[in-house]
$ cat query.cif   # mmCIF, C-alpha atoms
data_run
loop_
_atom_site.group_PDB
_atom_site.id
_atom_site.type_symbol
_atom_site.label_atom_id
_atom_site.label_comp_id
_atom_site.auth_asym_id
_atom_site.auth_seq_id
_atom_site.Cartn_x
_atom_site.Cartn_y
_atom_site.Cartn_z
ATOM 1 C CA VAL V 1 22.584 37.254 -3.346
ATOM 2 C CA ASN V 2 19.197 37.519 -5.015
ATOM 3 C CA ALA V 3 18.827 41.051 -6.376
ATOM 4 C CA ASP V 4 15.230 41.251 -5.174
ATOM 5 C CA PRO V 5 14.329 41.055 -1.482
ATOM 6 C CA GLU V 6 11.736 38.531 -0.347
ATOM 7 C CA ASN V 7 9.554 41.410 0.852
ATOM 8 C CA THR V 8 9.158 44.841 -0.725
ATOM 9 C CA ASP V 9 7.988 46.600 2.432
ATOM 10 C CA CYS V 10 9.549 46.784 5.862
ATOM 11 C CA LEU V 11 8.766 43.978 8.295
ATOM 12 C CA ASN V 12 8.593 46.314 11.262
ATOM 13 C CA ASN V 13 6.760 49.545 11.990
ATOM 14 C CA LYS V 14 9.631 51.526 13.491
ATOM 15 C CA GLY V 15 10.155 54.887 11.843
ATOM 16 C CA PHE V 16 13.916 54.727 11.322
ATOM 17 C CA ILE V 17 14.551 50.965 11.036
ATOM 18 C CA CYS V 18 13.573 48.843 8.058
ATOM 19 C CA SER V 19 13.974 45.056 8.223
ATOM 20 C CA GLN V 20 13.889 42.981 5.046
ATOM 21 C CA LEU V 21 14.508 39.342 4.128
ATOM 22 C CA TRP V 22 17.075 38.448 1.470
ATOM 23 C CA GLN V 23 17.775 35.111 -0.143
ATOM 24 C CA ILE V 24 21.246 33.732 -0.830
ATOM 25 C CA GLU V 25 21.359 31.311 -3.760
ATOM 26 C CA ALA V 26 24.356 29.036 -4.249
ATOM 27 C CA SER V 27 25.153 25.986 -6.377
ATOM 28 C CA ASN V 28 27.999 23.517 -6.895
ATOM 29 C CA ILE V 29 29.518 24.227 -3.507
ATOM 30 C CA PRO V 30 31.081 20.992 -2.215
ATOM 31 C CA CYS V 31 30.441 19.746 1.295
ATOM 32 C CA THR V 32 33.179 17.596 2.822
ATOM 33 C CA ASP V 33 33.455 15.821 6.131
ATOM 34 C CA GLU V 34 36.598 17.815 6.914
ATOM 35 C CA LYS V 35 35.325 21.321 6.138
ATOM 36 C CA GLY V 36 31.593 21.011 5.683
ATOM 37 C CA ARG V 37 29.964 23.754 3.599
ATOM 38 C CA ASP V 38 30.765 27.339 4.587
ATOM 39 C CA PHE V 39 28.727 30.350 3.481
ATOM 40 C CA SER V 40 30.401 32.712 5.931
ATOM 41 C CA GLY V 41 31.808 35.960 4.615
ATOM 42 C CA ASN V 42 31.279 39.655 4.136
ATOM 43 C CA TYR V 43 28.022 40.420 2.354
ATOM 44 C CA ALA V 44 27.232 43.819 0.817
ATOM 45 C CA LEU V 45 23.644 44.886 0.174
ATOM 46 C CA THR V 46 22.807 47.954 -1.879
ATOM 47 C CA PHE V 47 19.814 50.243 -1.502
ATOM 48 C CA ASP V 48 18.208 53.080 -3.459
ATOM 49 C CA PRO V 49 17.374 55.719 -0.821
ATOM 50 C CA LEU V 50 13.984 57.352 -1.180
ATOM 51 C CA CYS V 51 12.313 60.033 0.872
ATOM 52 C CA ARG V 52 9.099 59.095 2.596
ATOM 53 C CA ASP V 53 5.930 60.708 1.297
ATOM 54 C CA ASP V 54 4.030 60.455 4.585
ATOM 55 C CA ILE V 55 6.045 63.109 6.461
ATOM 56 C CA ALA V 56 5.605 66.846 6.914
ATOM 57 C CA ALA V 57 6.338 69.056 3.894
ATOM 58 C CA ASP V 58 9.387 70.762 5.484
ATOM 59 C CA LEU V 59 10.913 67.398 6.401
ATOM 60 C CA GLN V 60 10.277 66.053 2.911
ATOM 61 C CA THR V 61 11.957 69.125 1.392
ATOM 62 C CA HIS V 62 14.955 68.689 3.691
ATOM 63 C CA CYS V 63 15.185 64.985 2.761
ATOM 64 C CA ASN V 64 15.013 65.672 -0.981
ATOM 65 C CA GLU V 65 17.755 68.301 -0.707
ATOM 66 C CA PHE V 66 19.934 65.871 1.261
ATOM 67 C CA VAL V 67 19.503 63.129 -1.339
ATOM 68 C CA THR V 68 20.312 65.523 -4.187
ATOM 69 C CA THR V 69 23.326 67.108 -2.436
ATOM 70 C CA LYS V 70 24.845 63.743 -1.594
ATOM 71 C CA GLU V 71 24.003 62.460 -5.086
ATOM 72 C CA LEU V 72 22.174 59.557 -3.518
ATOM 73 C CA ASP V 73 19.594 59.702 -6.276
ATOM 74 C CA THR V 74 22.222 58.464 -8.736
ATOM 75 C CA ASN V 75 24.435 56.392 -6.420
ATOM 76 C CA ARG V 76 23.203 53.530 -4.321
ATOM 77 C CA ILE V 77 24.023 53.090 -0.658
ATOM 78 C CA ALA V 78 26.036 49.964 0.073
ATOM 79 C CA LEU V 79 25.956 48.336 3.494
ATOM 80 C CA SER V 80 28.197 45.412 4.343
ATOM 81 C CA THR V 81 28.106 42.958 7.219
ATOM 82 C CA ASP V 82 29.924 39.815 8.321
ATOM 83 C CA LEU V 83 27.692 36.749 8.345
ATOM 84 C CA VAL V 84 28.498 33.260 9.664
ATOM 85 C CA TRP V 85 26.651 30.164 8.412
ATOM 86 C CA LYS V 86 28.136 26.672 8.218
ATOM 87 C CA ASP V 87 26.726 23.290 7.265
ATOM 88 C CA GLU V 88 28.871 20.698 9.001
ATOM 89 C CA ILE V 89 26.560 17.720 8.487
ATOM 90 C CA CYS V 90 26.825 17.343 4.676
ATOM 91 C CA ASN V 91 23.780 15.123 4.490
ATOM 92 C CA PRO V 92 20.196 16.132 3.610
ATOM 93 C CA THR V 93 18.956 13.291 5.831
ATOM 94 C CA ILE V 94 19.657 14.463 9.364
ATOM 95 C CA PHE V 95 18.345 11.256 10.951
ATOM 96 C CA THR V 96 16.308 8.184 10.034
ATOM 97 C CA VAL V 97 13.795 6.580 12.384
ATOM 98 C CA GLN V 98 11.825 3.399 11.699
ATOM 99 C CA LEU V 99 8.134 3.575 12.593
ATOM 100 C CA GLU V 100 6.933 0.383 14.227
ATOM 101 C CA ALA V 101 3.388 -0.974 14.063
ATOM 102 C CA SER V 102 1.659 -4.186 15.069
ATOM 103 C CA MET V 103 -1.767 -5.518 14.091
ATOM 104 C CA THR V 104 -3.691 -7.653 16.610
ATOM 105 C CA PHE V 105 -6.953 -9.533 16.001
ATOM 106 C CA TYR V 106 -9.882 -10.118 18.397
ATOM 107 C CA ASP V 107 -13.248 -11.880 18.336
ATOM 108 C CA SER V 108 -15.210 -9.277 20.316
ATOM 109 C CA ASN V 109 -15.527 -5.510 20.583
ATOM 110 C CA SER V 110 -14.017 -5.561 24.074
ATOM 111 C CA PHE V 111 -10.543 -5.824 22.485
ATOM 112 C CA THR V 112 -9.268 -7.621 25.574
ATOM 113 C CA ALA V 113 -8.127 -11.119 24.543
ATOM 114 C CA PRO V 114 -6.304 -11.511 21.196
ATOM 115 C CA VAL V 115 -7.201 -14.608 19.209
ATOM 116 C CA GLU V 116 -4.692 -17.349 18.535
ATOM 117 C CA GLY V 117 -2.959 -17.536 15.172
ATOM 118 C CA SER V 118 -5.001 -20.628 14.298
ATOM 119 C CA HIS V 119 -8.345 -18.930 14.992
ATOM 120 C CA LEU V 120 -10.848 -19.220 12.117
ATOM 121 C CA TYR V 121 -13.511 -16.611 11.296
ATOM 122 C CA GLN V 122 -16.696 -17.814 9.579
ATOM 123 C CA VAL V 123 -17.138 -15.995 6.265
ATOM 124 C CA GLY V 124 -20.299 -13.945 5.967
ATOM 125 C CA GLU V 125 -21.007 -14.245 9.708
ATOM 126 C CA ASP V 126 -18.069 -13.509 12.004
ATOM 127 C CA THR V 127 -16.690 -10.055 12.627
ATOM 128 C CA ILE V 128 -12.938 -9.482 12.678
ATOM 129 C CA TYR V 129 -11.921 -6.922 15.274
ATOM 130 C CA VAL V 130 -8.561 -5.294 14.541
ATOM 131 C CA GLN V 131 -6.300 -3.098 16.646
ATOM 132 C CA VAL V 132 -3.201 -1.412 15.213
ATOM 133 C CA ASP V 133 -0.575 -0.118 17.649
ATOM 134 C CA THR V 134 1.940 2.387 16.294
ATOM 135 C CA ASP V 135 5.128 3.309 18.083
ATOM 136 C CA PHE V 136 8.432 5.114 17.701
ATOM 137 C CA PRO V 137 11.722 4.132 19.343
ATOM 138 C CA ASP V 138 12.461 5.735 22.701
ATOM 139 C CA ASP V 139 14.300 9.087 22.740
ATOM 140 C CA THR V 140 13.089 10.009 19.233
ATOM 141 C CA LEU V 141 9.498 11.115 18.595
ATOM 142 C CA ALA V 142 6.193 10.522 20.339
ATOM 143 C CA VAL V 143 2.945 9.564 18.600
ATOM 144 C CA PHE V 144 0.541 12.446 19.213
ATOM 145 C CA ASN V 145 -2.380 11.093 17.207
ATOM 146 C CA THR V 146 -3.313 8.394 14.684
ATOM 147 C CA LYS V 147 -5.934 8.429 11.952
ATOM 148 C CA LEU V 148 -7.145 5.547 9.807
ATOM 149 C CA ILE V 149 -6.902 6.489 6.112
ATOM 150 C CA MET V 150 -7.649 3.313 4.154
ATOM 151 C CA VAL V 151 -8.238 -0.426 4.641
ATOM 152 C CA HIS V 152 -7.962 -3.242 2.097
ATOM 153 C CA ILE V 153 -8.736 -6.957 2.313
ATOM 154 C CA CYS V 154 -6.600 -9.060 -0.015
ATOM 155 C CA THR V 155 -7.159 -12.703 -0.911
ATOM 156 C CA PHE V 156 -6.781 -14.935 -3.964
ATOM 157 C CA ASP V 157 -8.439 -17.373 -6.316
ATOM 158 C CA PRO V 158 -9.362 -20.429 -4.191
ATOM 159 C CA LEU V 159 -7.998 -22.784 -6.868
ATOM 160 C CA ASN V 160 -4.837 -20.927 -7.830
ATOM 161 C CA ALA V 161 -2.354 -19.594 -5.302
ATOM 162 C CA PRO V 162 -0.306 -16.558 -6.407
ATOM 163 C CA GLU V 163 3.222 -17.050 -7.597
ATOM 164 C CA ALA V 164 5.938 -16.082 -5.156
ATOM 165 C CA THR V 165 7.086 -13.346 -7.549
ATOM 166 C CA SER V 166 3.670 -11.765 -8.044
ATOM 167 C CA THR V 167 3.091 -8.179 -7.024
ATOM 168 C CA GLY V 168 0.222 -8.702 -4.607
ATOM 169 C CA PRO V 169 -0.308 -8.367 -0.849
ATOM 170 C CA ILE V 170 2.928 -10.232 -0.177
ATOM 171 C CA ASP V 171 4.811 -7.417 -1.882
ATOM 172 C CA GLN V 172 6.595 -5.464 0.848
ATOM 173 C CA ASP V 173 7.503 -2.419 -1.252
ATOM 174 C CA ALA V 174 6.444 0.585 0.855
ATOM 175 C CA GLY V 175 5.776 2.585 -2.308
ATOM 176 C CA ASN V 176 3.179 0.081 -3.514
ATOM 177 C CA PHE V 177 0.541 0.207 -0.806
ATOM 178 C CA GLY V 178 -2.052 -2.505 -0.574
ATOM 179 C CA CYS V 179 -3.702 -4.741 -3.120
ATOM 180 C CA PHE V 180 -4.729 -1.868 -5.362
ATOM 181 C CA ILE V 181 -1.368 -0.266 -6.057
ATOM 182 C CA SER V 182 -1.941 2.429 -8.658
ATOM 183 C CA ASP V 183 0.460 1.246 -11.357
ATOM 184 C CA GLU V 184 -1.309 -1.506 -13.283
ATOM 185 C CA ALA V 185 1.913 -2.157 -15.176
ATOM 186 C CA VAL V 186 3.396 -3.336 -11.878
ATOM 187 C CA ARG V 187 0.328 -4.863 -10.216
ATOM 188 C CA ASP V 188 -0.892 -8.344 -11.142
ATOM 189 C CA VAL V 189 -4.412 -7.225 -12.132
ATOM 190 C CA GLU V 190 -5.522 -10.841 -12.478
ATOM 191 C CA TYR V 191 -6.030 -10.874 -8.690
ATOM 192 C CA ASP V 192 -8.119 -7.671 -8.523
ATOM 193 C CA GLU V 193 -11.433 -9.509 -8.311
ATOM 194 C CA TYR V 194 -10.318 -11.012 -4.997
ATOM 195 C CA PHE V 195 -9.348 -7.659 -3.447
ATOM 196 C CA TYR V 196 -11.769 -5.597 -1.357
ATOM 197 C CA HIS V 197 -11.532 -1.876 -0.608
ATOM 198 C CA ILE V 198 -13.500 -1.624 2.662
ATOM 199 C CA TYR V 199 -12.664 1.800 4.101
ATOM 200 C CA GLN V 200 -11.558 5.209 2.864
ATOM 201 C CA ALA V 201 -11.372 8.327 5.040
ATOM 202 C CA ASN V 202 -11.520 10.713 2.075
ATOM 203 C CA ALA V 203 -14.808 10.023 0.351
ATOM 204 C CA ASP V 204 -13.882 12.357 -2.528
ATOM 205 C CA ASP V 205 -10.813 10.353 -3.537
ATOM 206 C CA THR V 206 -11.743 8.508 -6.738
ATOM 207 C CA SER V 207 -8.304 7.017 -7.390
ATOM 208 C CA MET V 208 -9.232 3.811 -5.539
ATOM 209 C CA PRO V 209 -12.034 1.266 -6.257
ATOM 210 C CA THR V 210 -15.490 1.749 -4.766
ATOM 211 C CA VAL V 211 -15.663 1.121 -1.039
ATOM 212 C CA GLU V 212 -17.456 -2.083 0.012
ATOM 213 C CA GLU V 213 -18.068 -1.596 3.722
ATOM 214 C CA PHE V 214 -18.942 -5.121 4.950
ATOM 215 C CA ASP V 215 -20.411 -3.700 8.173
ATOM 216 C CA PHE V 216 -17.259 -1.658 8.744
ATOM 217 C CA LYS V 217 -16.884 0.140 12.099
ATOM 218 C CA ASP V 218 -14.014 2.194 13.473
ATOM 219 C CA SER V 219 -12.737 3.849 16.637
ATOM 220 C CA TYR V 220 -13.954 7.309 15.583
ATOM 221 C CA THR V 221 -17.649 6.438 15.688
ATOM 222 C CA ASP V 222 -18.052 2.995 17.235
ATOM 223 C CA TYR V 223 -15.173 2.075 19.563
ATOM 224 C CA THR V 224 -13.794 3.988 22.519
ATOM 225 C CA ILE V 225 -10.060 4.366 23.005
ATOM 226 C CA PRO V 226 -8.621 5.887 26.215
ATOM 227 C CA ASP V 227 -7.361 9.446 25.700
ATOM 228 C CA GLU V 228 -3.817 8.457 26.642
ATOM 229 C CA ASP V 229 -3.679 5.738 23.932
ATOM 230 C CA THR V 230 -3.170 8.146 21.038
ATOM 231 C CA ASN V 231 -1.100 5.565 19.158
ATOM 232 C CA ILE V 232 -3.958 3.064 18.716
ATOM 233 C CA VAL V 233 -6.470 2.581 15.886
ATOM 234 C CA ARG V 234 -9.359 0.092 16.029
ATOM 235 C CA PHE V 235 -11.761 -1.118 13.371
ATOM 236 C CA SER V 236 -13.886 -4.151 12.510
ATOM 237 C CA PHE V 237 -15.654 -5.727 9.549
ATOM 238 C CA THR V 238 -17.549 -8.866 8.581
ATOM 239 C CA VAL V 239 -15.631 -11.373 6.482
ATOM 240 C CA PRO V 240 -17.053 -11.203 2.923
ATOM 241 C CA ASP V 241 -19.017 -14.228 1.703
ATOM 242 C CA GLU V 242 -16.887 -14.194 -1.426
ATOM 243 C CA VAL V 243 -13.699 -15.109 0.434
ATOM 244 C CA ALA V 244 -13.008 -18.748 -0.421
ATOM 245 C CA ARG V 245 -9.490 -19.167 0.928
ATOM 246 C CA ASP V 246 -8.582 -19.766 4.567
ATOM 247 C CA GLU V 247 -5.976 -16.990 4.483
ATOM 248 C CA LEU V 248 -6.463 -13.307 3.771
ATOM 249 C CA PHE V 249 -4.369 -10.185 4.206
ATOM 250 C CA ILE V 250 -5.590 -7.008 5.906
ATOM 251 C CA MET V 251 -3.762 -3.840 4.939
ATOM 252 C CA ALA V 252 -4.316 -0.560 6.763
ATOM 253 C CA GLU V 253 -2.952 2.854 5.857
ATOM 254 C CA ILE V 254 -2.608 5.075 8.938
ATOM 255 C CA GLU V 255 -1.693 8.740 9.254
ATOM 256 C CA VAL V 256 0.511 9.332 12.291
ATOM 257 C CA THR V 257 0.977 12.760 13.865
ATOM 258 C CA LEU V 258 4.309 13.003 15.683
ATOM 259 C CA GLN V 259 5.507 15.383 18.346
ATOM 260 C CA GLU V 260 8.965 15.831 19.849
ATOM 261 C CA ASP V 261 7.871 17.928 22.776
ATOM 262 C CA LEU V 262 4.659 19.466 24.072
ATOM 263 C CA ASN V 263 5.898 22.902 23.045
ATOM 264 C CA LEU V 264 7.171 21.985 19.563
ATOM 265 C CA PRO V 265 5.286 21.681 16.249
ATOM 266 C CA ARG V 266 3.824 18.352 15.165
ATOM 267 C CA ARG V 267 4.697 16.318 12.072
ATOM 268 C CA ARG V 268 2.574 13.941 10.026
ATOM 269 C CA MET V 269 3.690 10.725 8.392
ATOM 270 C CA LEU V 270 1.951 7.907 6.549
#
$ encode --input "query.cif" --output "structure tokens"
Amino acid sequence: VNADPENTDCLNNKGFICSQLWQIEASNIPCTDEKGRDFSGNYALTFDPLCRDDIAADLQTHCNEFVTTKELDTNRIALSTDLVWKDEICNPTIFTVQLEASMTFYDSNSFTAPVEGSHLYQVGEDTIYVQVDTDFPDDTLAVFNTKLIMVHICTFDPLNAPEATSTGPIDQDAGNFGCFISDEAVRDVEYDEYFYHIYQANADDTSMPTVEEFDFKDSYTDYTIPDEDTNIVRFSFTVPDEVARDELFIMAEIEVTLQEDLNLPRRRML
């Protein structure tokens, strides 16, 4: 047990009861499927009794005499109690849930009829309307709210297609988000001139390239989403004139706020 309590004063304001928090530190205690990890046992906590200085003089005198007579000023008081605490899971990951998301494209701000996979947008003229639906499997967590954090457009040199092994938009490593992954030792920087950073929620974040908006609009200021559709994000942009290939990748980073129940705290995930 940590020799120092987590709080030096009492947690409550009752005159004759003092509640304090103590921390139990343990290491190299095995956890097995048969027995789990058991911290149960008899714990003894020691205290140095002191007389209060905010009581009447006669009571303080009586207290000081009691402490001296019982030699409590030189001997600590030890209190013991039986505590039960068991870890029967033996795994820091209690459960794993896969967040699902789908990106749908439209040709108007009504967001009613998705375009076909063969639909072509005219560069420099047409606007791409995008809707991202996030979802969690049933009986797990509910999406309470979604927030668009960042959007990238990724394309390539019109004369040279990327190699299949290149670390570009086709890279599916969740730790390397988007075209502009931070580690230049990993990213194929030769493609950077064909990547576009078109939206960033945090304007003070200088870790990413300068935002090129391309008439960017989003659901926070331009598009209405029904209150019950908290799992949806919408945005749009004009295809840059510089895009010379007939295929481009759109990458969106979304912050998802999750909630198990209306009366329980929320969680955030990216």
$ resolve_selection --input "query.cif" --expression "the PyMOL selection byres ((chain V and resi 233) around 6)" --output "compact mmCIF listing (two decimals) with C-alpha atoms, in the coordinates of the input"
# COMPACT_ATOMS: atom_id res chain seq x y z
CA GLN V 131 -6.30 -3.10 16.65
CA VAL V 132 -3.20 -1.41 15.21
CA ILE V 232 -3.96 3.06 18.72
CA ARG V 234 -9.36 0.09 16.03
$ resolve_selection --input "query.cif" --expression "the PyMOL selection byres ((chain V and resi 103-113) around 8)" --output "CSV table (one decimal) with C-alpha atoms, in the coordinates of the input"
chain,number,residue,atom,x,y,z
V,101,ALA,CA,3.4,-1.0,14.1
V,102,SER,CA,1.7,-4.2,15.1
V,114,PRO,CA,-6.3,-11.5,21.2
V,115,VAL,CA,-7.2,-14.6,19.2
V,127,THR,CA,-16.7,-10.1,12.6
V,128,ILE,CA,-12.9,-9.5,12.7
V,129,TYR,CA,-11.9,-6.9,15.3
V,130,VAL,CA,-8.6,-5.3,14.5
V,131,GLN,CA,-6.3,-3.1,16.6
V,132,VAL,CA,-3.2,-1.4,15.2
V,133,ASP,CA,-0.6,-0.1,17.6
V,223,TYR,CA,-15.2,2.1,19.6
$ resolve_selection --input "query.cif" --expression "the PyMOL selection byres ((chain V and resi 43) around 9)" --output "PyMOL selection string"
chain V and resi 1+40-42+44-45+79-83
$ atom_distance --input "query.cif" --atom1 "CA of Ala142 (chain V)" --atom2 "CA of Gln259 (chain V)"
5.3 Å
$ atom_distance --input "query.cif" --atom1 "CA of Cys18 (chain V)" --atom2 "CA of Asp48 (chain V)"
13.1 Å
$ closest_residue --input "query.cif" --among "V:Gln200, V:Asn231, V:Thr224, V:Gln23" --to "Thr134 (chain V)" --atoms "only C-alpha atoms"
V:Asn231
$ atom_distance --input "query.cif" --atom1 "CA of Ile89 (chain V)" --atom2 "CA of Pro30 (chain V)"
12.1 Å
$ closest_residue --input "query.cif" --among "V:Asp38, V:Glu253, V:Asp246, V:Asp126" --to "Val151 (chain V)" --atoms "all atoms listed in the file"
V:Glu253
$ residues_around --input "query.cif" --residues "Asn64 (chain V)" --least-positions-apart "4" --cutoff "10 Å" --atoms "only C-alpha atoms" --output "ChimeraX atom specification"
/V:50-52,58-60,68-69,72-73
$ closest_residue --input "query.cif" --among "V:Ala203, V:Phe156, V:Val84, V:Lys147" --to "Phe235 (chain V)" --atoms "all atoms listed in the file"
V:Lys147
$ residues_around --input "query.cif" --residues "Tyr199 (chain V)" --least-positions-apart "4" --cutoff "7 Å" --atoms "all atoms listed in the file" --output "PDB file with C-alpha atoms, in the coordinates of the input"
ATOM      1  CA  MET V 150      -7.649   3.313   4.154  1.00  0.00           C
ATOM      2  CA  VAL V 151      -8.238  -0.426   4.641  1.00  0.00           C
ATOM      3  CA  VAL V 211     -15.663   1.121  -1.039  1.00  0.00           C
ATOM      4  CA  GLU V 213     -18.068  -1.596   3.722  1.00  0.00           C
TER       5      GLU V 213
END
$ build_atoms --input "query.cif" --residues "region 111-120 of chain V" --atoms "all heavy atoms" --output "compact mmCIF listing (two decimals), in the frame of the given file"
# COMPACT_ATOMS: atom_id res chain seq x y z
N PHE V 111 -11.96 -5.94 22.81
CA PHE V 111 -10.54 -5.82 22.48
C PHE V 111 -9.67 -6.18 23.69
O PHE V 111 -8.70 -5.49 23.99
CB PHE V 111 -10.21 -4.41 22.00
CG PHE V 111 -10.82 -4.06 20.68
CD1 PHE V 111 -12.07 -3.43 20.62
CD2 PHE V 111 -10.18 -4.35 19.49
CE1 PHE V 111 -12.64 -3.10 19.41
CE2 PHE V 111 -10.74 -4.02 18.27
CZ PHE V 111 -11.99 -3.40 18.22
N THR V 112 -10.01 -7.25 24.37
CA THR V 112 -9.27 -7.62 25.57
C THR V 112 -8.38 -8.85 25.39
O THR V 112 -7.26 -8.89 25.89
CB THR V 112 -10.23 -7.87 26.75
OG1 THR V 112 -11.21 -8.84 26.35
CG2 THR V 112 -10.93 -6.57 27.15
N ALA V 113 -8.87 -9.86 24.69
CA ALA V 113 -8.13 -11.12 24.54
C ALA V 113 -7.86 -11.39 23.08
O ALA V 113 -8.78 -11.76 22.33
CB ALA V 113 -8.90 -12.27 25.17
N PRO V 114 -6.62 -11.23 22.60
CA PRO V 114 -6.30 -11.51 21.20
C PRO V 114 -6.55 -12.98 20.87
O PRO V 114 -6.39 -13.86 21.72
CB PRO V 114 -4.81 -11.17 21.10
CG PRO V 114 -4.54 -10.28 22.27
CD PRO V 114 -5.45 -10.72 23.35
N VAL V 115 -6.96 -13.23 19.63
CA VAL V 115 -7.20 -14.61 19.21
C VAL V 115 -5.87 -15.28 18.87
O VAL V 115 -4.87 -14.62 18.60
CB VAL V 115 -8.14 -14.65 17.98
CG1 VAL V 115 -9.48 -14.06 18.33
CG2 VAL V 115 -7.51 -13.93 16.80
N GLU V 116 -5.88 -16.59 18.90
CA GLU V 116 -4.69 -17.35 18.54
C GLU V 116 -4.48 -17.29 17.01
O GLU V 116 -5.41 -17.00 16.25
CB GLU V 116 -4.84 -18.80 18.98
CG GLU V 116 -5.00 -18.98 20.49
CD GLU V 116 -3.73 -18.62 21.24
OE1 GLU V 116 -2.63 -18.71 20.62
OE2 GLU V 116 -3.82 -18.26 22.42
N GLY V 117 -3.26 -17.57 16.59
CA GLY V 117 -2.96 -17.54 15.17
C GLY V 117 -3.75 -18.53 14.37
O GLY V 117 -3.96 -18.34 13.16
N SER V 118 -4.24 -19.59 15.00
CA SER V 118 -5.00 -20.63 14.30
C SER V 118 -6.50 -20.36 14.30
O SER V 118 -7.28 -21.17 13.80
CB SER V 118 -4.74 -21.99 14.95
OG SER V 118 -5.10 -21.96 16.34
N HIS V 119 -6.92 -19.23 14.89
CA HIS V 119 -8.35 -18.93 14.99
C HIS V 119 -8.96 -18.75 13.61
O HIS V 119 -8.39 -18.09 12.74
CB HIS V 119 -8.55 -17.66 15.82
CG HIS V 119 -9.99 -17.31 16.03
ND1 HIS V 119 -10.75 -17.87 17.03
CD2 HIS V 119 -10.82 -16.46 15.36
CE1 HIS V 119 -11.97 -17.39 16.98
NE2 HIS V 119 -12.04 -16.53 15.97
N LEU V 120 -10.15 -19.33 13.39
CA LEU V 120 -10.85 -19.22 12.12
C LEU V 120 -12.11 -18.37 12.27
O LEU V 120 -12.88 -18.55 13.21
CB LEU V 120 -11.23 -20.61 11.60
CG LEU V 120 -10.08 -21.55 11.26
CD1 LEU V 120 -10.63 -22.92 10.80
CD2 LEU V 120 -9.20 -20.95 10.16
